[in-house]
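J.: Provided herewith is a single structure, encoded as structure tokens, for subsequent inquiry.
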Amino acid sequence: MNRFDYVRPHTVAEAIAAAAMPGSAYLAAGTNLLDLMKIGAARPARLVDLNYLSGLDAIEQLPDGGVRIGARVRNADLAHDAAFRRQFPAVCEALLSGASAQLRNVATVGGNLLQRTRCAYFQDTASACNRRAPGSGCDARGGENRLHAVLGWSEGCIATHPSDFCVPLVALGAVVEIEGPAGARAIPLQDFHLLPGETPERESVLTPGELVVAVRLPPEAAGFAAQSRYVKLRERTSYAFAVVSAAAGLRIENGRITEARLALGGVAAKPWRAEAAEAALAGAAPGAAAFRHAAELALAGARPSGDNAFKIELAQRIAIRALTLAAAGTPDRLPALPASPFAPIPGGLHG
Amino acid sequence: MAEVLHMRHGSNAGQPITRRDGVLKVTGQARYAADNHPPDMLHAVLAGSRIARGRVVSMDIEAAQAHPGVVAVMAPGNRPPLALHPDDKSVPFSFCLDLLQDDRVRYAGQPIAVVIAETLEAATEGAALLAARYEAEPVEVTLDAEEVFVPQAVGVGDPGEFWHGDVEGGLAAAARRLEATYETPQQFHNAMEPHSVVAAWDGDALSLDMPTQGLALTQMRLAALFGIRAEGIHIRSPFLGGGFGSKLLTGPQVLGILAAKLVGRPVKLVLRRDQMYGPVTHRAPTRQRLRIGATEDGALTAIHHHVRTAVSRFDEFFEPAAGISRTLYAAPAIAITNEAVRLDTGTPGFMRAPGLASGSIALESAIDELAQACAMDPLEFRLRNYAEVEPVSGRSFSSKALRECYAEGAARFGWAGRPLESRQMRDENGLLVGWGVGTATFPAHMFQAAARAVLRRDGTGLVETGAHDMGQGAWTVFAQIAADSLGLDVEQVEFRAGSSDLPDAGIAGGSGHTATAGSAIQAAGEQVIARLTELALTDPRSPLFGAGNVGVVPRKGRLVRWDDENRGESFADILARAGVAEIEGHGSGAADTAMAERYAMQAHGAVFAEVKVDPDLGQIRATRLVGAFAAGRIINPRLVRSQYYGGMIWGVSFALHERAVLDPRTGRVMNADLGEYHVPVNADVPSLEAILVEEDDPHVNALGIKGVGEIGITGTAGAIANAVWHATGIRVRHFPIGIERMLREARAPGTAG
């Protein structure tokens with residue numbers, strides 16, 4: 001039996017101290033962790049329950065114009081925060097396209113960053129999985145891998161990170177605030193998740209005992225509010241993970257893109273920021289040609305990890321769509337089907 | 001005509017009354033099997049095989065046994081004896097069972113042990129501690145398996161091969177021909193309520209709370225397995241949280257009963273969701289080759305429907321997917337052929353319109369493709385080939401209002417003016433819009449049922465039959481029929497069902513429950529009224545004395561003259577004067593075999609679908625569905641509409657979502673949960689409309705009822721596939737249609753594997 005300790009710290013300091021024990025895991029809403037524990041895919045030695053902490057649950061407008069989101073803020077609360085939505089509509093659109101209403105009501109910001117891959121072989125303890133059991137192999141190779149990674153994968157692991165929320169966050173340069181036994185630090189979300197390489201079991205830069213306490217959006221990120229979107233392709237209209245997704249933000253002046261942000265979801269073990277594409281878009285006239293070129297750059301290093309070559313083309317198309325929608329402008333109201341291709345399309349599609 | 005039916009059957013049938021068990025359900029008071037906790041009850045948890053083929057070499061039974069709270073571990077070595085081998089099928093509609101008979105493993109998830117403990121948690125842990133070790137053998141789980149054979153029979157006794165007319169000649173002579181292959185995946189029932197049992201033995205008497213679609217069959221099968229009297233087995237099954245064909249007796253439930261026997265205490269066993277992907281049947285995959293031809297002006301010359309399906313290595317059930325081609329369209333030559341492969345999976349079984357659902361999506365797609373080849377509107381093409389009589393047999397239909405279904409559905413949908421070519425319509429956002437049509441059909445099955453009716457001294461009624469409510473509304477509809485049979489209001493009738501100590505109501509399956517058990521109820525009530533009438537007519541003190549030649553009818557608790565409803569007297573008065581405490585009647589329901597030989601009996605319908613497709617991204621959404629169905633007499637329009645909606649949603653599921661993902665290397669289902677095994681969510685089904693087309697059927701049975709439970713899935717799935725083509729020009733023949741297939745087909749048509 002996986003006998004584990006269960007502790008309820010009341011302060012961040014207590015939590016970090018409690019999690020110093022090897023094999024500890026922080027428990028927030030548990031929408032992913034508890035499922036994994038039930039099926040034996042996660043076997044923490046100690047659960048440090050964050051639900052009795054005070055704090056980490058505020059959405060703070062910072063003096064510099066940025067926003068600091070406590071790690072325990074619920075997905076739904078963040079998505080429905082009026083001020084936040086005005087500043088970061090694409091983030092809200094991504095949040096509301098994830099999971100189901102019930103899950104969003106409990107799932108937290110910190111938990112979203114740290115959720116595990118939905119690779120079936122990771123979840124199935126009878127399968128080999130280097131991420132779950134280092135050195136055991138990867139049964140996803142040569143197995144059911146239609147939805148697996150096309151960027152940044154390794155021979156040891158081809159899983160993807162499933163988050164929607166992280167995709168616009170990484171595009172907007174979000175920073176993760178961390179506290180741990182050695183003190184506090186902050187690192188860009190872009191550098192937070194690790195590609196699998198030789199050590200797929202290492203999913204983030206967090207060291208044992210470290211706790212995500214907040215996610216910060218820098219002041220310049222709000223500069224994309226008028227022209228930013230998230231689009232998610234999925235196999236049913238709701239309650240499904242992305243086949244591929246994209247977040248795009250544009251700043252356009254005098255008919256030229258002055259700054260662009262582009263990130264892809266469902267393509268790699270981390271939310272994939274496409275910096276080469278962003279660089280190519282800067283200074284370009286918004287339009288099909290520029291977007292197509294950017295999309296090609298974004299997927300330049302892509303290669304199939306199995307029966308999933310179609311995702312490379314699809315990821316390019318979703319990138320183009322996100323950029324096109326961003327160029328058309330953020331809608332006044334979030335669509336009833338957030339991030340869906342079936343949400344109203346400003347100006348419509350051509351062709 | 002409707003007026004006559006109304007008079008014949010009273011005033012309760014035909015009313016859209018709400019579910020009588022609705023409040024119980026929405027307030028959580030409806031007691032499902034697993035809600036029962038008899039004193040001293042233990043919890044059992046199944047351990048399932050992680051390999052699909054081979055042998056269990058060892059299990060750490062001692063470790064499981066040693067876990068605190070574990071009472072016993074049941075494994076092949078200590079499983080209580082049975083009177084019958086689990087592979088012996090003693091009653092109809094039954095399958096070989098895996099009851100720990102040996103160490104062989106024949107599919108992934110097969111039960112290999114049961115752990116019984118004081119708590120669910122201890123039993124769960126005990127099952128994990130077994131840590132079985134296996135000797136695995138190579139598996140085969142795809143339709144590409146090498147050894148192919150021809151089954152003698154498919155479905156329930158349908159011929160495996162069937163030729164009518166000159167098929168090759170018809171194809172050769174055709175001006176337009178289509179040969180295409182359609183593929184459907186393995187699917188799992190996924191009823192919301194998992195299979196469960198709460199079992200308690202008292203000597204040879206067995207008390208069970210267990211959801212079942214066939215109380216009497218289950219009772220008989222258990223009696224044979226355990227070598228005990230059927231009457232000693234009492235099964236309560238008042239509510240099922242869905243069955244879809246998977247809830248006749250299953251192996252895991254028998255294991256729960258065996259566990260109770262082993263420990264001598266009541267035991268509850270409930271399957272986990274992932275355990276429902278193996279030992280409780282599924283819909284087999286199919287690969288269907290359609291060869292059809294038509295004349296220049298769209299008259300079918302031949303249909304050849306060939307099916308390859310799959311079955312387990314140890315049992316027989318062959319998805320009868322081609323059967324639909326025998327009855328649906330008028331073609332002078334029709335052939336059906338079947339072949340099968342044996343796979344290392346559980347045995348497939350009856351699932352939501354078995355055969356017809358899979359066959360319909362292929363046939364309706366092929367018909368659409370041929371209409372396109374003939375440059376004809378697909379609805380016009382279907383009307384051009386309308387089967388006035390059953391094509392193969394030449395028999396008349398007992399009733400067939402399909403033409404009206406087409407007309408009413410098309411009018412409501414706004415079909416007129418649909419462009420013939422694909423990729424012609426866009427919405428205000430630029431999304432591609434397509435319209436498709438499919439013909440729905442389902443045979444009017446009847447089984448065997450009995451019922452008992454009692455008229456009590458106070459003039460109220462009691463009607464009993466062991467009927468099954470799977471959510472379709474049996475509690476309500478049968479009470480309506482019962483009330484009419486006795487000439488009472490529905491509130492005046494106590495209706496008992498859902499228990500094996502009541503008269504056998506047959507099975508809730510094949511969309512035949514209402515017709516069969518309803519007929520039995522009607523007959524039982526009629527017998528009561530006949531006896532009551534005899535009392536009144538022969539009593540000189542009755543105002544009805546001597547009314548024999550004009551006849552009397554029951555009306556709202558009174559017996560009245562047919563020719564003058566003001567003349568009559570109350571049931572209670574008749575009984576009181578005769579000094580009779582109550583009158584009892586018995587009735588049975590079954591197919592009228594003479595009628596069934598003379599007529600083809602089918603429900604029909606037409607489903608119109610609108611889909612939108614993103615032209616660049618390939619994501620599909622069904623935006624509008626209109627179904628028009630004719631299924632004889634409708635007892636409760638509200639509940640029937642709900643059945644049609646449910647069927648149509650399953651059609652969306654079939655066309656766009658549902659598939660089990662099996663790893664061909666291990667034979668395991670890799671998406672055995674409702675997060676990854678996709679069925680439609682609300683956002684996938686924005687607008688549904690079901691039209692109840694009037695149809696009077698004087699032949700199908702005394703009540704004029706056909707079935708409504710499964711027809712909705714047929715027609716719908718094909719209509720959606722056809723709408724996807726109409727929207728995009730892309731014909732996906734591999735289901736479910738998804739983003740990936742759309743993209744692959746768009747690049748290289750016809751090659752998507």
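Numbering starts fresh at 1 for the residues of each chain in the structure tokens, the chains themselves are lettered A, B, ... in the order given, and ligands are numbered from 1 as they appear.
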Please report as a ChimeraX atom specification which residues of chain B come no farther than 10 Å from chain A, using only C-alpha atoms.
T.: /B:50-51,67,122,124-126,128-129,426-432,612-622,653,656-657,661-666,668-672,675-676,678-685,737-741,743-744
J.: Just list as an MDAnalysis selection string whatever in segment 10-237 of chain A DSSP marks as strand (DSSP E or B).
T.: chainID A and resid 24:27 46:49 59:61 67:70 74 108 129 138 154 157 175:180 183:188 193 204 211:217 228:233
J.: Nearest to Val91 of chain A: which of A:Arg256, A:Lys270, A:Arg202, A:Arg229 is it, counting only C-alpha atoms?
T.: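 So, comparing all the options, the nearest one is A:Arg229.
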J.: Need to verify the contact set: Phe165 of chain A, 9 Å, only C-alpha atoms, exclusion of same-chain residues closer than 6 positions in sequence. Can you return it as a PyMOL selection string?
T.: chain A and resi 75+91-98+109+112-113
